[in-house]
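Here the structure comes first, spelled out in structure tokens, and everything after it is commentary.
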Amino acid sequence: MIADEASLARLMKQAQGGDASTYAALLKECAKWLRRYYYRRLPPQQIDDLVQDTLLSLHSKLASYDPARPFLPWLAAIARYRWVDHLSRAYRAQDLKIAEQVDDGSIEDDVMARVSLDRLLAELPVAQSRAIILVKIDGRSVTEAARISGQSESLVKVNIHRGLKKLTALIEKAQ
């Protein structure tokens, strides 16, 4: 089976109706699509874990899918958010690793990764980059980020959404 829009949407509608075999087929086809999606965005050893994480998110959001809307953009949105969450976790882990490896020679790679992310964030408006750093990188809640930045909670969420969308476009443009 080819994972095209019409086939996936049909499988999803049947899976929402409780058809277990169709749901298994949907997950199999989504996994293939997700592997292709992440192939250009991640090192190969990280793809399978992120595919599984994304399939879990798809499962938890199964009821939120509206069959009247296209399936692939819905799946792509979930995949993009899982990817950005993965990058922010990796970024935090790199910060910890840098702190632990001050005397290690591999610090240059870590610093270059940090510089690359800082350059990307510099392309965003200040309010968007600040919101992303506070919530996605530092791990603060939206409420804390709103208090720190002086923005409302809804504005913090909007700035994160718009900033992540622009970051994704910048990264995809660079590839």
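We label chains A, B, ... in the order they appear in the structure tokens, count residues from 1 in each chain, and number ligands from 1 in the order shown.
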
Could you give me, as a list of chain:residue names, the residues within 6 Å of range 74-82 of chain A, counting only C-alpha atoms and dropping anything in the same chain fewer than 3 positions from it?
-> A:Thr54, A:Phe71, A:Asp85

Name all residues at most 7 Å from range 7-18 of chain A (count only C-alpha atoms; drop same-chain ones fewer than 2 positions away) and give them as number ranges by chain.
-> A: 3-5, 20, 22-23, 26, 62-63, 67, 70-71

Would you kindly return, as a PyMOL selection string, each protein, DNA or RNA residue with an atom no farther than 8 Å from any atom of Val142 in chain A, considering only C-alpha atoms and excluding same-chain residues fewer than 2 positions away?
-> chain A and resi 135+140+144-146+153+156-157

Prev. selection, N, CA and C atoms, output as a short mmCIF file (atom, residue, chain, number, x, y, z; two decimals), in the first residue's frame:
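Below is the file out_14.cif, written as the result:
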```cif
data_model
loop_
_atom_site.label_atom_id
_atom_site.label_comp_id
_atom_site.auth_asym_id
_atom_site.auth_seq_id
_atom_site.Cartn_x
_atom_site.Cartn_y
_atom_site.Cartn_z
N VAL A 135 10.27 28.13 27.46
CA VAL A 135 9.39 26.97 27.59
C VAL A 135 10.02 25.70 27.01
N ARG A 140 10.47 25.65 31.34
CA ARG A 140 9.54 26.35 32.23
C ARG A 140 8.11 26.19 31.73
N GLU A 144 5.00 30.42 33.93
CA GLU A 144 6.28 31.02 34.35
C GLU A 144 6.86 31.90 33.25
N ALA A 145 6.80 31.41 32.02
CA ALA A 145 7.34 32.18 30.89
C ALA A 145 6.58 33.50 30.74
N ALA A 146 5.27 33.47 30.95
CA ALA A 146 4.48 34.70 30.85
C ALA A 146 4.89 35.70 31.92
N GLU A 153 -0.23 34.59 28.90
CA GLU A 153 -0.02 33.18 28.61
C GLU A 153 -0.39 32.85 27.17
N VAL A 156 2.34 34.01 24.87
CA VAL A 156 3.50 33.12 24.94
C VAL A 156 3.25 31.91 24.03
N LYS A 157 2.05 31.33 24.11
CA LYS A 157 1.72 30.16 23.28
C LYS A 157 1.77 30.53 21.79
#
```

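In this comparison, which uses only C-alpha atoms, the residue of A:Ser64, A:Gln128, A:Gln46, A:Gln52 approaching Ala90 in chain A most closely is A:Gln46.
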
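Proximity to Glu123 in chain A was assessed for A:Leu164, A:Cys30, A:Leu72, A:Leu56 counting only C-alpha atoms; the smallest distance is recorded for A:Leu164.
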
Just list the residues in chain A DSSP gives helix (DSSP H, G or I) on the backbone, as a PyMOL selection string.
-> chain A and resi 5-16+20-39+44-60+62-64+71-100+107-122+126-137+142-149+153-174

What is the distance, in Å and to one decimal place, between CA of Arg147 in chain A and CA of Arg162 in chain A?
->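 Those two atoms sit 19.6 Å apart.
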
Could you tell me which of A:Arg69, A:Trp83, A:Arg35, A:Gln151 comes closest to Arg130 in chain A if we count only C-alpha atoms?
->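 Among A:Arg69, A:Trp83, A:Arg35, A:Gln151, it is A:Gln151 that comes nearest to Arg130 in chain A.
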